[in-house]
>>> print(open('protein-v5.pdb').read())   # PDB, C-alpha atoms (C1' of nucleotides)
MODEL        1
ATOM      1  CA  MET A   1      32.824  33.512  65.504  1.00  0.00           C
ATOM      2  CA  SER A   2      35.508  36.150  65.196  1.00  0.00           C
ATOM      3  CA  ILE A   3      38.774  36.234  63.318  1.00  0.00           C
ATOM      4  CA  PRO A   4      41.570  35.499  65.837  1.00  0.00           C
ATOM      5  CA  PHE A   5      44.162  37.601  63.989  1.00  0.00           C
ATOM      6  CA  HIS A   6      44.165  41.142  62.641  1.00  0.00           C
ATOM      7  CA  ASP A   7      47.557  42.037  61.186  1.00  0.00           C
ATOM      8  CA  VAL A   8      49.808  40.649  58.471  1.00  0.00           C
ATOM      9  CA  PRO A   9      51.231  37.179  59.135  1.00  0.00           C
ATOM     10  CA  ARG A  10      54.862  37.444  60.307  1.00  0.00           C
ATOM     11  CA  ASP A  11      56.166  34.279  58.735  1.00  0.00           C
ATOM     12  CA  LEU A  12      55.182  31.310  56.664  1.00  0.00           C
ATOM     13  CA  ASP A  13      54.233  29.221  59.687  1.00  0.00           C
ATOM     14  CA  GLU A  14      51.801  31.889  60.799  1.00  0.00           C
ATOM     15  CA  LEU A  15      50.284  32.031  57.318  1.00  0.00           C
ATOM     16  CA  ARG A  16      50.037  28.240  57.267  1.00  0.00           C
ATOM     17  CA  ALA A  17      48.233  28.270  60.600  1.00  0.00           C
ATOM     18  CA  ARG A  18      45.790  30.930  59.426  1.00  0.00           C
ATOM     19  CA  ALA A  19      45.091  29.064  56.203  1.00  0.00           C
ATOM     20  CA  ALA A  20      44.424  25.862  58.145  1.00  0.00           C
ATOM     21  CA  TRP A  21      42.093  27.781  60.432  1.00  0.00           C
ATOM     22  CA  LEU A  22      40.083  28.931  57.402  1.00  0.00           C
ATOM     23  CA  ALA A  23      39.360  25.396  56.216  1.00  0.00           C
ATOM     24  CA  GLY A  24      35.702  24.484  56.653  1.00  0.00           C
ATOM     25  CA  ARG A  25      34.529  28.063  57.275  1.00  0.00           C
ATOM     26  CA  SER A  26      31.603  29.305  55.234  1.00  0.00           C
ATOM     27  CA  LEU A  27      31.773  32.562  53.304  1.00  0.00           C
ATOM     28  CA  ALA A  28      28.794  33.741  55.344  1.00  0.00           C
ATOM     29  CA  GLU A  29      30.590  33.446  58.665  1.00  0.00           C
ATOM     30  CA  LEU A  30      33.760  35.030  57.281  1.00  0.00           C
ATOM     31  CA  HIS A  31      31.704  37.855  55.834  1.00  0.00           C
ATOM     32  CA  ALA A  32      29.895  38.369  59.127  1.00  0.00           C
ATOM     33  CA  ALA A  33      33.169  38.420  61.072  1.00  0.00           C
ATOM     34  CA  LEU A  34      34.918  40.835  58.717  1.00  0.00           C
ATOM     35  CA  ALA A  35      32.112  43.201  57.710  1.00  0.00           C
ATOM     36  CA  PRO A  36      29.618  43.137  60.580  1.00  0.00           C
ATOM     37  CA  ARG A  37      28.076  46.465  59.595  1.00  0.00           C
ATOM     38  CA  ALA A  38      27.584  45.524  55.963  1.00  0.00           C
ATOM     39  CA  GLU A  39      24.271  44.116  54.933  1.00  0.00           C
ATOM     40  CA  ALA A  40      24.740  40.524  53.874  1.00  0.00           C
ATOM     41  CA  PRO A  41      24.243  40.283  50.110  1.00  0.00           C
ATOM     42  CA  MET A  42      22.396  37.328  48.631  1.00  0.00           C
ATOM     43  CA  ARG A  43      25.678  36.243  47.159  1.00  0.00           C
ATOM     44  CA  GLN A  44      29.095  37.640  46.548  1.00  0.00           C
ATOM     45  CA  ARG A  45      29.859  39.089  43.133  1.00  0.00           C
ATOM     46  CA  LYS A  46      32.855  38.671  40.856  1.00  0.00           C
ATOM     47  CA  GLY A  47      36.080  39.087  42.743  1.00  0.00           C
ATOM     48  CA  LYS A  48      34.450  39.473  46.157  1.00  0.00           C
ATOM     49  CA  THR A  49      35.434  36.051  47.417  1.00  0.00           C
ATOM     50  CA  GLY A  50      39.114  36.665  46.724  1.00  0.00           C
ATOM     51  CA  GLN A  51      38.968  39.968  48.575  1.00  0.00           C
ATOM     52  CA  LEU A  52      37.174  38.369  51.511  1.00  0.00           C
ATOM     53  CA  ILE A  53      39.843  35.674  51.856  1.00  0.00           C
ATOM     54  CA  GLU A  54      42.587  38.306  51.500  1.00  0.00           C
ATOM     55  CA  ARG A  55      41.147  40.123  54.478  1.00  0.00           C
ATOM     56  CA  ALA A  56      40.638  36.934  56.432  1.00  0.00           C
ATOM     57  CA  LEU A  57      44.322  36.031  56.023  1.00  0.00           C
ATOM     58  CA  GLY A  58      45.730  39.527  56.453  1.00  0.00           C
ATOM     59  CA  ALA A  59      47.086  40.003  52.921  1.00  0.00           C
ATOM     60  CA  SER A  60      48.769  43.359  52.527  1.00  0.00           C
ATOM     61  CA  ALA A  61      49.535  44.215  48.907  1.00  0.00           C
ATOM     62  CA  GLY A  62      46.186  45.707  47.880  1.00  0.00           C
ATOM     63  CA  SER A  63      46.195  46.376  44.155  1.00  0.00           C
ATOM     64  CA  LEU A  64      49.953  46.914  43.993  1.00  0.00           C
ATOM     65  CA  ASP A  65      51.994  44.877  41.534  1.00  0.00           C
ATOM     66  CA  ALA A  66      53.384  42.702  44.329  1.00  0.00           C
ATOM     67  CA  PRO A  67      52.629  39.348  45.960  1.00  0.00           C
ATOM     68  CA  ASP A  68      49.655  39.409  48.311  1.00  0.00           C
ATOM     69  CA  PHE A  69      51.938  38.649  51.238  1.00  0.00           C
ATOM     70  CA  VAL A  70      54.755  40.992  50.344  1.00  0.00           C
ATOM     71  CA  GLU A  71      57.191  39.997  53.092  1.00  0.00           C
ATOM     72  CA  LEU A  72      56.655  36.294  52.495  1.00  0.00           C
ATOM     73  CA  GLY A  73      56.624  36.454  48.697  1.00  0.00           C
ATOM     74  CA  VAL A  74      53.404  34.433  48.632  1.00  0.00           C
ATOM     75  CA  GLU A  75      50.620  34.981  46.100  1.00  0.00           C
ATOM     76  CA  LEU A  76      47.061  34.158  47.213  1.00  0.00           C
ATOM     77  CA  LYS A  77      44.568  32.616  44.800  1.00  0.00           C
ATOM     78  CA  THR A  78      41.059  31.528  45.694  1.00  0.00           C
ATOM     79  CA  ILE A  79      39.837  28.834  43.360  1.00  0.00           C
ATOM     80  CA  PRO A  80      36.203  27.747  42.960  1.00  0.00           C
ATOM     81  CA  ILE A  81      35.822  23.965  42.985  1.00  0.00           C
ATOM     82  CA  ASP A  82      32.880  21.555  42.727  1.00  0.00           C
ATOM     83  CA  ALA A  83      32.028  18.667  45.026  1.00  0.00           C
ATOM     84  CA  ARG A  84      34.509  16.442  43.173  1.00  0.00           C
ATOM     85  CA  GLY A  85      37.288  18.918  43.925  1.00  0.00           C
ATOM     86  CA  LEU A  86      37.601  20.036  40.293  1.00  0.00           C
ATOM     87  CA  PRO A  87      38.093  23.741  39.523  1.00  0.00           C
ATOM     88  CA  ARG A  88      35.131  25.493  37.916  1.00  0.00           C
ATOM     89  CA  GLU A  89      37.337  28.148  36.374  1.00  0.00           C
ATOM     90  CA  SER A  90      40.812  28.882  35.133  1.00  0.00           C
ATOM     91  CA  THR A  91      43.042  31.053  37.318  1.00  0.00           C
ATOM     92  CA  PHE A  92      44.102  34.528  36.209  1.00  0.00           C
ATOM     93  CA  VAL A  93      47.834  35.124  36.674  1.00  0.00           C
ATOM     94  CA  CYS A  94      48.719  38.552  35.279  1.00  0.00           C
ATOM     95  CA  THR A  95      48.330  40.766  32.250  1.00  0.00           C
ATOM     96  CA  LEU A  96      50.426  40.312  29.149  1.00  0.00           C
ATOM     97  CA  PRO A  97      53.157  42.866  28.340  1.00  0.00           C
ATOM     98  CA  LEU A  98      51.995  43.279  24.739  1.00  0.00           C
ATOM     99  CA  ALA A  99      54.159  46.291  23.975  1.00  0.00           C
ATOM    100  CA  GLU A 100      57.347  44.836  25.509  1.00  0.00           C
ATOM    101  CA  VAL A 101      57.510  41.312  24.135  1.00  0.00           C
ATOM    102  CA  ASP A 102      60.889  42.024  22.508  1.00  0.00           C
ATOM    103  CA  HIS A 103      62.718  41.965  25.812  1.00  0.00           C
ATOM    104  CA  ALA A 104      60.376  39.663  27.696  1.00  0.00           C
ATOM    105  CA  GLU A 105      61.959  36.525  29.057  1.00  0.00           C
ATOM    106  CA  TRP A 106      60.786  33.860  31.453  1.00  0.00           C
ATOM    107  CA  ARG A 107      63.399  34.457  34.137  1.00  0.00           C
ATOM    108  CA  THR A 108      62.355  38.067  34.735  1.00  0.00           C
ATOM    109  CA  SER A 109      58.676  37.710  33.826  1.00  0.00           C
ATOM    110  CA  ARG A 110      55.782  38.696  36.046  1.00  0.00           C
ATOM    111  CA  VAL A 111      54.166  35.331  35.467  1.00  0.00           C
ATOM    112  CA  ARG A 112      57.212  33.543  36.913  1.00  0.00           C
ATOM    113  CA  ARG A 113      57.311  35.917  39.874  1.00  0.00           C
ATOM    114  CA  LYS A 114      53.594  35.441  40.528  1.00  0.00           C
ATOM    115  CA  LEU A 115      53.807  31.668  40.393  1.00  0.00           C
ATOM    116  CA  ALA A 116      57.000  31.303  42.446  1.00  0.00           C
ATOM    117  CA  HIS A 117      54.963  30.624  45.591  1.00  0.00           C
ATOM    118  CA  VAL A 118      51.175  30.370  45.565  1.00  0.00           C
ATOM    119  CA  LEU A 119      48.648  29.693  48.302  1.00  0.00           C
ATOM    120  CA  PHE A 120      45.541  28.170  46.695  1.00  0.00           C
ATOM    121  CA  VAL A 121      42.403  28.467  48.820  1.00  0.00           C
ATOM    122  CA  PRO A 122      39.675  26.258  47.310  1.00  0.00           C
ATOM    123  CA  ILE A 123      36.087  27.464  47.656  1.00  0.00           C
ATOM    124  CA  ILE A 124      33.556  24.640  47.509  1.00  0.00           C
ATOM    125  CA  GLY A 125      30.118  25.616  46.237  1.00  0.00           C
ATOM    126  CA  GLU A 126      27.527  25.425  43.483  1.00  0.00           C
ATOM    127  CA  ARG A 127      27.862  28.964  42.190  1.00  0.00           C
ATOM    128  CA  ALA A 128      30.432  31.718  42.548  1.00  0.00           C
ATOM    129  CA  GLY A 129      30.537  33.385  45.937  1.00  0.00           C
ATOM    130  CA  GLU A 130      27.401  31.866  47.424  1.00  0.00           C
ATOM    131  CA  LEU A 131      27.524  32.585  51.111  1.00  0.00           C
ATOM    132  CA  HIS A 132      26.972  28.959  52.064  1.00  0.00           C
ATOM    133  CA  SER A 133      30.064  28.021  50.063  1.00  0.00           C
ATOM    134  CA  HIS A 134      32.867  26.934  52.334  1.00  0.00           C
ATOM    135  CA  VAL A 135      36.639  26.863  52.336  1.00  0.00           C
ATOM    136  CA  GLY A 136      38.344  23.618  51.347  1.00  0.00           C
ATOM    137  CA  THR A 137      41.865  22.481  52.170  1.00  0.00           C
ATOM    138  CA  PRO A 138      44.400  25.221  51.378  1.00  0.00           C
ATOM    139  CA  VAL A 139      47.422  24.173  49.296  1.00  0.00           C
ATOM    140  CA  PHE A 140      50.814  25.858  49.156  1.00  0.00           C
ATOM    141  CA  TRP A 141      52.602  25.375  45.849  1.00  0.00           C
ATOM    142  CA  GLN A 142      56.081  26.158  44.611  1.00  0.00           C
ATOM    143  CA  PRO A 143      56.794  24.868  41.097  1.00  0.00           C
ATOM    144  CA  SER A 144      59.243  21.981  40.912  1.00  0.00           C
ATOM    145  CA  ALA A 145      62.044  22.247  38.352  1.00  0.00           C
ATOM    146  CA  GLU A 146      60.068  19.979  36.038  1.00  0.00           C
ATOM    147  CA  GLN A 147      56.862  21.980  36.458  1.00  0.00           C
ATOM    148  CA  GLU A 148      58.684  25.242  35.899  1.00  0.00           C
ATOM    149  CA  SER A 149      60.252  23.971  32.681  1.00  0.00           C
ATOM    150  CA  ILE A 150      56.777  23.233  31.315  1.00  0.00           C
ATOM    151  CA  LEU A 151      55.530  26.672  32.326  1.00  0.00           C
ATOM    152  CA  ARG A 152      58.581  28.248  30.714  1.00  0.00           C
ATOM    153  CA  GLY A 153      57.927  26.274  27.541  1.00  0.00           C
ATOM    154  CA  ASP A 154      54.357  27.564  27.423  1.00  0.00           C
ATOM    155  CA  PHE A 155      55.540  31.103  28.103  1.00  0.00           C
ATOM    156  CA  ASP A 156      58.108  30.923  25.306  1.00  0.00           C
ATOM    157  CA  ASP A 157      55.581  29.475  22.837  1.00  0.00           C
ATOM    158  CA  LEU A 158      52.997  32.150  23.653  1.00  0.00           C
ATOM    159  CA  LEU A 159      55.483  35.011  23.596  1.00  0.00           C
ATOM    160  CA  GLU A 160      56.885  33.851  20.284  1.00  0.00           C
ATOM    161  CA  VAL A 161      53.501  34.245  18.619  1.00  0.00           C
ATOM    162  CA  ILE A 162      53.225  37.766  19.987  1.00  0.00           C
ATOM    163  CA  ALA A 163      56.793  38.676  19.047  1.00  0.00           C
ATOM    164  CA  LEU A 164      55.975  37.652  15.480  1.00  0.00           C
ATOM    165  CA  GLY A 165      53.149  40.178  15.517  1.00  0.00           C
ATOM    166  CA  ARG A 166      50.533  37.424  15.394  1.00  0.00           C
ATOM    167  CA  ILE A 167      48.633  38.436  18.548  1.00  0.00           C
ATOM    168  CA  GLU A 168      45.303  38.425  16.718  1.00  0.00           C
ATOM    169  CA  ALA A 169      45.921  34.794  15.751  1.00  0.00           C
ATOM    170  CA  LEU A 170      46.807  33.755  19.313  1.00  0.00           C
ATOM    171  CA  THR A 171      44.028  31.549  20.674  1.00  0.00           C
ATOM    172  CA  ALA A 172      43.375  30.190  24.172  1.00  0.00           C
ATOM    173  CA  ARG A 173      44.008  26.727  22.720  1.00  0.00           C
ATOM    174  CA  LEU A 174      47.757  27.265  22.743  1.00  0.00           C
ATOM    175  CA  GLY A 175      49.724  26.318  25.867  1.00  0.00           C
ATOM    176  CA  ARG A 176      49.780  23.169  28.001  1.00  0.00           C
ATOM    177  CA  TRP A 177      49.253  24.786  31.406  1.00  0.00           C
ATOM    178  CA  LEU A 178      49.378  28.501  30.620  1.00  0.00           C
ATOM    179  CA  GLN A 179      47.032  30.097  28.117  1.00  0.00           C
ATOM    180  CA  VAL A 180      46.367  33.642  26.896  1.00  0.00           C
ATOM    181  CA  ARG A 181      42.838  35.056  26.941  1.00  0.00           C
ATOM    182  CA  PRO A 182      41.229  38.517  26.827  1.00  0.00           C
ATOM    183  CA  LYS A 183      41.380  40.507  30.051  1.00  0.00           C
ATOM    184  CA  ALA A 184      39.377  43.718  29.906  1.00  0.00           C
ATOM    185  CA  ALA A 185      36.406  45.509  31.349  1.00  0.00           C
ATOM    186  CA  HIS A 186      34.539  45.170  28.030  1.00  0.00           C
ATOM    187  CA  GLY A 187      35.062  44.538  24.335  1.00  0.00           C
ATOM    188  CA  ARG A 188      35.862  48.127  23.363  1.00  0.00           C
ATOM    189  CA  VAL A 189      39.021  48.397  25.467  1.00  0.00           C
ATOM    190  CA  ARG A 190      42.179  48.574  23.377  1.00  0.00           C
ATOM    191  CA  THR A 191      45.890  48.591  24.083  1.00  0.00           C
ATOM    192  CA  ARG A 192      48.975  49.078  21.914  1.00  0.00           C
ATOM    193  CA  ALA A 193      50.650  46.075  20.280  1.00  0.00           C
ATOM    194  CA  TYR A 194      52.663  45.454  17.121  1.00  0.00           C
ATOM    195  CA  GLY A 195      51.699  43.640  13.942  1.00  0.00           C
ATOM    196  CA  PRO A 196      53.666  41.367  11.571  1.00  0.00           C
ATOM    197  CA  ASP A 197      55.593  44.303  10.077  1.00  0.00           C
ATOM    198  CA  ASP A 198      56.205  45.974  13.445  1.00  0.00           C
ATOM    199  CA  GLU A 199      53.423  48.414  12.711  1.00  0.00           C
ATOM    200  CA  PRO A 200      51.519  49.625  15.779  1.00  0.00           C
ATOM    201  CA  ILE A 201      48.071  48.067  16.171  1.00  0.00           C
ATOM    202  CA  GLU A 202      45.357  48.408  18.778  1.00  0.00           C
ATOM    203  CA  THR A 203      44.064  45.192  20.310  1.00  0.00           C
ATOM    204  CA  ILE A 204      42.141  43.869  23.272  1.00  0.00           C
ATOM    205  CA  PRO A 205      44.326  43.494  26.388  1.00  0.00           C
ATOM    206  CA  ARG A 206      45.206  39.878  27.207  1.00  0.00           C
ATOM    207  CA  GLY A 207      46.202  38.025  30.348  1.00  0.00           C
ATOM    208  CA  PHE A 208      47.911  34.770  31.295  1.00  0.00           C
ATOM    209  CA  TYR A 209      45.668  32.128  32.871  1.00  0.00           C
ATOM    210  CA  LEU A 210      46.351  28.707  34.394  1.00  0.00           C
ATOM    211  CA  ARG A 211      44.164  25.999  32.886  1.00  0.00           C
ATOM    212  CA  ALA A 212      41.669  24.380  35.252  1.00  0.00           C
ATOM    213  CA  ARG A 213      43.038  20.945  34.387  1.00  0.00           C
ATOM    214  CA  PHE A 214      46.417  21.982  35.730  1.00  0.00           C
ATOM    215  CA  THR A 215      45.243  23.667  38.931  1.00  0.00           C
ATOM    216  CA  GLY A 216      42.891  20.735  39.583  1.00  0.00           C
ATOM    217  CA  ALA A 217      45.871  18.371  39.497  1.00  0.00           C
ATOM    218  CA  LEU A 218      47.861  20.709  41.764  1.00  0.00           C
ATOM    219  CA  LEU A 219      45.131  20.669  44.383  1.00  0.00           C
ATOM    220  CA  GLN A 220      45.262  16.860  44.425  1.00  0.00           C
ATOM    221  CA  ASP A 221      49.056  16.722  44.430  1.00  0.00           C
ATOM    222  CA  PRO A 222      51.213  19.859  44.193  1.00  0.00           C
ATOM    223  CA  THR A 223      54.074  17.853  42.683  1.00  0.00           C
ATOM    224  CA  SER A 224      52.013  16.353  39.859  1.00  0.00           C
ATOM    225  CA  VAL A 225      52.803  16.890  36.197  1.00  0.00           C
ATOM    226  CA  PRO A 226      49.494  16.522  34.332  1.00  0.00           C
TER     227      PRO A 226
ATOM    228  C1'  DA B 227      30.016  19.430  30.150  1.00  0.00           C
ATOM    229  C1'  DG B 228      34.068  21.902  29.341  1.00  0.00           C
ATOM    230  C1'  DC B 229      36.329  25.571  27.120  1.00  0.00           C
ATOM    231  C1'  DT B 230      37.079  30.016  25.000  1.00  0.00           C
ATOM    232  C1'  DG B 231      36.249  34.609  24.450  1.00  0.00           C
ATOM    233  C1'  DA B 232      33.881  38.367  26.950  1.00  0.00           C
ATOM    234  C1'  DT B 233      32.847  40.726  30.897  1.00  0.00           C
ATOM    235  C1'  DC B 234      32.163  42.561  36.011  1.00  0.00           C
ATOM    236  C1'  DA B 235      33.786  44.981  40.448  1.00  0.00           C
ATOM    237  C1'  DT B 236      37.118  47.770  43.325  1.00  0.00           C
ATOM    238  C1'  DA B 237      41.356  50.496  44.184  1.00  0.00           C
ATOM    239  C1'  DT B 238      44.970  53.653  42.797  1.00  0.00           C
TER     240       DT B 238
ATOM    241  C1'  DA C 239      44.142  53.895  32.353  1.00  0.00           C
ATOM    242  C1'  DT C 240      46.107  50.014  34.932  1.00  0.00           C
ATOM    243  C1'  DA C 241      46.508  47.260  38.684  1.00  0.00           C
ATOM    244  C1'  DT C 242      44.008  43.987  41.701  1.00  0.00           C
ATOM    245  C1'  DG C 243      40.190  40.270  42.438  1.00  0.00           C
ATOM    246  C1'  DA C 244      37.964  36.995  39.238  1.00  0.00           C
ATOM    247  C1'  DT C 245      33.270  34.811  36.912  1.00  0.00           C
ATOM    248  C1'  DC C 246      29.891  34.828  33.050  1.00  0.00           C
ATOM    249  C1'  DA C 247      27.718  32.767  29.173  1.00  0.00           C
ATOM    250  C1'  DG C 248      27.651  31.170  24.456  1.00  0.00           C
ATOM    251  C1'  DC C 249      29.599  27.711  21.505  1.00  0.00           C
ATOM    252  C1'  DT C 250      31.367  23.375  20.366  1.00  0.00           C
TER     253       DT C 250
ENDMDL
END
>>> encode(input="protein-v5.pdb", output="structure tokens")
Amino acid sequence: MSIPFHDVPRDLDELRARAAWLAGRSLAELHAALAPRAEAPMRQRKGKTGQLIERALGASAGSLDAPDFVELGVELKTIPIDARGLPRESTFVCTLPLAEVDHAEWRTSRVRRKLAHVLFVPIIGERAGELHSHVGTPVFWQPSAEQESILRGDFDDLLEVIALGRIEALTARLGRWLQVRPKAAHGRVRTRAYGPDDEPIETIPRGFYLRARFTGALLQDPTSVP
DNA sequence: AGCTGATCATAT
DNA sequence: ATATGATCAGCT
């Protein structure tokens, strides 16, 4: 088996065709086709599966702050699912602009830009990145007006807490589809934020995540409103 | 069993 | 240090 394409997809149809081609492939065969000289690890580690699928589809953005398929404006997300088709994990969206919440608004937010057009590639398996895991049915998603209004509501609720200087009181329980959770290499990492009296404070960096309940519904029906 | 808070890996 | 890619593991 070899990958029948090598460059960036030219248009959405080409990306659609590549995504459909991926369905049913195991991580082992993709790994073998893309890294023939690398010794096959027992299993992939954190983040490896996403990078493997990026390469398999010809994503171009690297670690730039841009959609994976820059020309197409499409963001790629691999999502681990179980045999029932339910996500095992939430989906990271982007980091939180803790120091700039004053002038943060939904319309110009990174989270809105990231979620404007997403290609979800489900990975079916027992554990993360196991090489016998295989690709499920890819799903393209663009939020409907109704879905976007719910995301905007979450965003506004979450940002309000931060704008009030209450970041330390912000829990992952807040938000219907979007939530805020720590996003850092380890517990000692700190970033600048502002407290209740606008005083500078140091706190753990946070990120926006999509709840598994929401992405699970999207995989069943991209127009659903769970 | 599902969820939240914590953490791991690579690239720039 | 910050972006990207996420999953781990303890608690409820």
>>> residues_around(input="protein-v5.pdb", residues="A:Ser109", least_positions_apart="3", cutoff="10 Å", atoms="all atoms listed in the file", output="list in words")
Leu96, Pro97, His103, Ala104, Glu105, Trp106, Arg112, Arg113, Lys114, Arg152 and Phe155 of chain A
>>> write_last_selection(input="protein-v5.pdb", atoms="C-alpha atoms", output="mmCIF file, keeping the file's coordinate frame")
data_model
loop_
_atom_site.group_PDB
_atom_site.id
_atom_site.type_symbol
_atom_site.label_atom_id
_atom_site.label_comp_id
_atom_site.auth_asym_id
_atom_site.auth_seq_id
_atom_site.Cartn_x
_atom_site.Cartn_y
_atom_site.Cartn_z
ATOM 1 C CA LEU A 96 50.426 40.312 29.149
ATOM 2 C CA PRO A 97 53.157 42.866 28.340
ATOM 3 C CA HIS A 103 62.718 41.965 25.812
ATOM 4 C CA ALA A 104 60.376 39.663 27.696
ATOM 5 C CA GLU A 105 61.959 36.525 29.057
ATOM 6 C CA TRP A 106 60.786 33.860 31.453
ATOM 7 C CA ARG A 112 57.212 33.543 36.913
ATOM 8 C CA ARG A 113 57.311 35.917 39.874
ATOM 9 C CA LYS A 114 53.594 35.441 40.528
ATOM 10 C CA ARG A 152 58.581 28.248 30.714
ATOM 11 C CA PHE A 155 55.540 31.103 28.103
#
>>> residues_near_point(input="protein-v5.pdb", point="(38.8, 40.5, 38.0)", cutoff="7 Å", atoms="all atoms listed in the file", output="list in words")
Lys46 and Gly47 of chain A; DG243 and DA244 of chain C
>>> resolve_selection(input="protein-v5.pdb", expression="the PyMOL selection byres ((chain C) within 12 of (chain A))", output="list in words")
DA239, DT240, DA241, DT242, DG243, DA244, DT245 and DC246 of chain C
>>> resolve_selection(input="protein-v5.pdb", expression="the PyMOL selection byres ((chain A and resi 225) around 9)", output="ChimeraX atom specification")
/A:146-147,150,214,217-218,222-224,226
>>> axis_aligned_box(input="protein-v5.pdb", around="chain B", padding_each_side="3 Å", output="JSON")
{"center_x": 37.5, "center_y": 36.5, "center_z": 34.3, "size_x": 21.0, "size_y": 40.2, "size_z": 25.7}
>>> closest_residue(input="protein-v5.pdb", among="A:Leu210, A:Ala185, A:Leu159, A:Ala193", to="chain B", atoms="all atoms listed in the file")
A:Ala185
>>> resolve_selection(input="protein-v5.pdb", expression="the PyMOL selection byres ((chain B) within 8 of (chain A))", output="list in words")
DT230, DG231, DA232, DT233, DC234, DA235, DA237 and DT238 of chain B
>>> residues_around(input="protein-v5.pdb", residues="A:Phe208", least_positions_apart="2", cutoff="6 Å", atoms="all atoms listed in the file", output="list in words")
Val93, Cys94, Gln179 and Val180 of chain A
>>> residues_around(input="protein-v5.pdb", residues="A:Pro200", least_positions_apart="2", cutoff="12 Å", atoms="all atoms listed in the file", output="number ranges by chain")
A: 98-99, 165, 167, 191-198, 202-203
>>> atom_distance(input="protein-v5.pdb", atom1="atom CA of A:Ile124", atom2="atom CA of A:Gly136")
6.2 Å
>>> atom_distance(input="protein-v5.pdb", atom1="atom CA of A:Ala116", atom2="atom CA of A:Leu22")
22.7 Å
>>> atom_distance(input="protein-v5.pdb", atom1="atom C1' of C:DG248", atom2="atom CA of A:Ile81")
21.5 Å
>>> closest_residue(input="protein-v5.pdb", among="A:Leu86, A:Leu219, A:Val70, A:Ala59", to="B:DG228", atoms="only C-alpha atoms (C1' of nucleotides)")
A:Leu86
>>> build_atoms(input="protein-v5.pdb", residues="stretch 167-179 of chain A", atoms="N, CA, C and O atoms", output="PDB file, keeping the file's coordinate frame")
ATOM      1  N   ILE A 167      49.492  38.444  17.359  1.00  0.00           N
ATOM      2  CA  ILE A 167      48.633  38.436  18.548  1.00  0.00           C
ATOM      3  C   ILE A 167      47.182  38.125  18.198  1.00  0.00           C
ATOM      4  O   ILE A 167      46.495  37.409  18.922  1.00  0.00           O
ATOM      5  N   GLU A 168      46.707  38.648  17.068  1.00  0.00           N
ATOM      6  CA  GLU A 168      45.303  38.425  16.718  1.00  0.00           C
ATOM      7  C   GLU A 168      45.023  36.968  16.363  1.00  0.00           C
ATOM      8  O   GLU A 168      43.878  36.534  16.346  1.00  0.00           O
ATOM      9  N   ALA A 169      46.094  36.211  16.077  1.00  0.00           N
ATOM     10  CA  ALA A 169      45.921  34.794  15.751  1.00  0.00           C
ATOM     11  C   ALA A 169      46.151  33.909  16.976  1.00  0.00           C
ATOM     12  O   ALA A 169      46.009  32.686  16.900  1.00  0.00           O
ATOM     13  N   LEU A 170      46.503  34.529  18.100  1.00  0.00           N
ATOM     14  CA  LEU A 170      46.807  33.755  19.313  1.00  0.00           C
ATOM     15  C   LEU A 170      45.512  33.344  20.006  1.00  0.00           C
ATOM     16  O   LEU A 170      44.756  34.184  20.489  1.00  0.00           O
ATOM     17  N   THR A 171      45.258  32.036  20.063  1.00  0.00           N
ATOM     18  CA  THR A 171      44.028  31.549  20.674  1.00  0.00           C
ATOM     19  C   THR A 171      44.305  30.936  22.043  1.00  0.00           C
ATOM     20  O   THR A 171      45.447  30.576  22.363  1.00  0.00           O
ATOM     21  N   ALA A 172      43.259  30.797  22.843  1.00  0.00           N
ATOM     22  CA  ALA A 172      43.375  30.190  24.172  1.00  0.00           C
ATOM     23  C   ALA A 172      43.684  28.705  24.086  1.00  0.00           C
ATOM     24  O   ALA A 172      43.915  28.068  25.111  1.00  0.00           O
ATOM     25  N   ARG A 173      43.707  28.155  22.873  1.00  0.00           N
ATOM     26  CA  ARG A 173      44.008  26.727  22.720  1.00  0.00           C
ATOM     27  C   ARG A 173      45.494  26.436  22.829  1.00  0.00           C
ATOM     28  O   ARG A 173      45.885  25.291  23.043  1.00  0.00           O
ATOM     29  N   LEU A 174      46.311  27.458  22.665  1.00  0.00           N
ATOM     30  CA  LEU A 174      47.757  27.265  22.743  1.00  0.00           C
ATOM     31  C   LEU A 174      48.222  27.285  24.195  1.00  0.00           C
ATOM     32  O   LEU A 174      47.774  28.105  24.988  1.00  0.00           O
ATOM     33  N   GLY A 175      49.154  26.361  24.519  1.00  0.00           N
ATOM     34  CA  GLY A 175      49.724  26.318  25.867  1.00  0.00           C
ATOM     35  C   GLY A 175      49.220  25.120  26.647  1.00  0.00           C
ATOM     36  O   GLY A 175      48.026  24.853  26.683  1.00  0.00           O
ATOM     37  N   ARG A 176      50.156  24.377  27.258  1.00  0.00           N
ATOM     38  CA  ARG A 176      49.780  23.169  28.001  1.00  0.00           C
ATOM     39  C   ARG A 176      49.140  23.520  29.343  1.00  0.00           C
ATOM     40  O   ARG A 176      48.093  22.997  29.689  1.00  0.00           O
ATOM     41  N   TRP A 177      49.781  24.381  30.097  1.00  0.00           N
ATOM     42  CA  TRP A 177      49.253  24.786  31.406  1.00  0.00           C
ATOM     43  C   TRP A 177      48.859  26.250  31.414  1.00  0.00           C
ATOM     44  O   TRP A 177      47.890  26.644  32.064  1.00  0.00           O
ATOM     45  N   LEU A 178      49.662  27.069  30.717  1.00  0.00           N
ATOM     46  CA  LEU A 178      49.378  28.501  30.620  1.00  0.00           C
ATOM     47  C   LEU A 178      48.639  28.762  29.323  1.00  0.00           C
ATOM     48  O   LEU A 178      48.947  28.148  28.297  1.00  0.00           O
ATOM     49  N   GLN A 179      47.695  29.674  29.349  1.00  0.00           N
ATOM     50  CA  GLN A 179      47.032  30.097  28.117  1.00  0.00           C
ATOM     51  C   GLN A 179      46.891  31.619  28.156  1.00  0.00           C
ATOM     52  O   GLN A 179      47.056  32.246  29.203  1.00  0.00           O
TER      53      GLN A 179
END
